[in-house]
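Enquirer: For reference, the file work31.pdb (PDB, C-alpha atoms) is included below:
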```pdb
ATOM      1  CA  MET Q   1       0.000   0.000   0.000
ATOM      2  CA  ARG Q   2       1.201   3.520  -0.688
ATOM      3  CA  ILE Q   3       1.785   5.763   2.295
ATOM      4  CA  THR Q   4       3.815   8.886   2.930
ATOM      5  CA  LEU Q   5       6.684   8.079   5.283
ATOM      6  CA  ASN Q   6       8.589  10.996   6.790
ATOM      7  CA  GLY Q   7       7.502  13.192   3.885
ATOM      8  CA  GLU Q   8       8.409  10.726   1.120
ATOM      9  CA  PRO Q   9       6.241   8.291  -0.869
ATOM     10  CA  TYR Q  10       6.706   4.724   0.374
ATOM     11  CA  GLU Q  11       5.276   1.350  -0.664
ATOM     12  CA  ALA Q  12       4.557  -0.416   2.639
ATOM     13  CA  LYS Q  13       4.219  -4.188   2.889
ATOM     14  CA  GLY Q  14       3.071  -4.161   6.518
ATOM     15  CA  THR Q  15      -0.535  -3.488   7.422
ATOM     16  CA  ASN Q  16       0.028  -2.051  10.903
ATOM     17  CA  VAL Q  17       2.577   0.141  12.659
ATOM     18  CA  ALA Q  18       4.471  -2.787  14.242
ATOM     19  CA  GLN Q  19       4.881  -4.506  10.864
ATOM     20  CA  LEU Q  20       6.056  -1.259   9.268
ATOM     21  CA  LEU Q  21       8.727  -0.801  11.935
ATOM     22  CA  GLU Q  22       9.847  -4.412  11.468
ATOM     23  CA  GLU Q  23       9.987  -3.898   7.707
ATOM     24  CA  LEU Q  24      12.147  -0.797   8.240
ATOM     25  CA  LYS Q  25      14.318  -2.621  10.830
ATOM     26  CA  VAL Q  26      13.519   0.041  13.420
ATOM     27  CA  ALA Q  27      13.475  -0.859  17.132
ATOM     28  CA  PRO Q  28      10.008   0.094  18.407
ATOM     29  CA  GLY Q  29      11.337   1.192  21.795
ATOM     30  CA  MET Q  30      13.566   3.862  20.288
ATOM     31  CA  VAL Q  31      11.024   5.807  18.219
ATOM     32  CA  ALA Q  32       7.796   7.761  18.360
ATOM     33  CA  VAL Q  33       5.254   7.131  15.603
ATOM     34  CA  GLU Q  34       2.589   9.499  14.345
ATOM     35  CA  VAL Q  35      -0.102   8.437  11.863
ATOM     36  CA  ASN Q  36      -2.202  11.163  10.256
ATOM     37  CA  LEU Q  37      -1.101  13.708  12.898
ATOM     38  CA  SER Q  38      -2.003  11.433  15.857
ATOM     39  CA  ILE Q  39       0.655   9.862  18.066
ATOM     40  CA  VAL Q  40       0.351   6.078  18.351
ATOM     41  CA  LYS Q  41       1.113   4.590  21.776
ATOM     42  CA  LYS Q  42       3.812   1.906  21.743
ATOM     43  CA  ALA Q  43       1.343  -0.575  23.265
ATOM     44  CA  ASP Q  44      -0.933  -0.024  20.255
ATOM     45  CA  TYR Q  45       1.629  -0.479  17.448
ATOM     46  CA  ALA Q  46       0.431  -4.012  16.554
ATOM     47  CA  ALA Q  47      -3.235  -3.027  16.709
ATOM     48  CA  HIS Q  48      -2.954   0.265  14.815
ATOM     49  CA  PRO Q  49      -3.768  -0.418  11.145
ATOM     50  CA  LEU Q  50      -2.264   1.428   8.215
ATOM     51  CA  HIS Q  51      -4.402   2.435   5.251
ATOM     52  CA  GLU Q  52      -3.711   3.516   1.691
ATOM     53  CA  GLY Q  53      -2.735   7.199   1.706
ATOM     54  CA  ASP Q  54      -1.821   7.425   5.402
ATOM     55  CA  THR Q  55       0.885   9.862   6.443
ATOM     56  CA  VAL Q  56       3.366   8.300   8.873
ATOM     57  CA  GLU Q  57       6.132  10.115  10.724
ATOM     58  CA  ILE Q  58       8.761   8.118  12.628
ATOM     59  CA  VAL Q  59      11.006  10.075  14.970
ATOM     60  CA  SER Q  60      14.113   8.547  16.586
ATOM     61  CA  PHE Q  61      15.230   9.487  20.070
ATOM     62  CA  ILE Q  62      18.819  10.685  20.321
ATOM     63  CA  GLY Q  63      20.487  10.958  23.701
ATOM     64  CA  GLY Q  64      23.112  13.479  24.552
ATOM     65  CA  GLY Q  65      24.180  15.916  27.139
TER      66      GLY Q  65
END
```
Just dump the structure as structure tokens.
Expert:
Amino acid sequence: MRITLNGEPYEAKGTNVAQLLEELKVAPGMVAVEVNLSIVKKADYAAHPLHEGDTVEIVSFIGGG
């Protein structure tokens, strides 16, 4: 399905947020995910479906000090 991922067109194979992160080889504990301007709770990644045309933003946490 075609989605927009971090501002770029992307052809996703996964049908939910957890599958998308697995497909991208992204550790779910190290990111925040927003779908259509709504933040998805980590506990809901597997249950949150993706649909054709969704806009997904994935933000990585970077530590420093």
Enquirer: Could you tell me how far atom CA of Q:Lys42 lies from atom CA of Q:Pro28, in Å and to one decimal?
Expert: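 Computed distance, atom CA of Q:Lys42 to atom CA of Q:Pro28, equals 7.3 Å.
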Enquirer: Please write the residues picked by the PyMOL selection byres ((chain Q and resi 54-62) around 9) on this file as number ranges by chain.
Expert: Q: 2-7, 21, 30-37, 50-53, 63-64
Enquirer: Which distance in Å separates atom CA of Q:Ala46 and atom CA of Q:Glu8, to one decimal?
Expert: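 So the answer is 22.8 Å.
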Enquirer: For the file shown, what are the residues hit by the PyMOL selection byres ((chain Q and resi 45) around 10), laid out as number ranges by chain?
Expert: Q: 16-21, 28, 33, 40-44, 46-49
Enquirer: First collect every listed atom of stretch 26-33 of chain Q; then fit an axis-aligned box around them, widen it by 3 Å on each side, and give centre and edge lengths in Å to one decimal, as lines of an AutoDock Vina configuration file.
Expert:
```
center_x = 9.4
center_y = 3.5
center_z = 17.6
size_x = 14.3
size_y = 14.6
size_z = 14.4
```
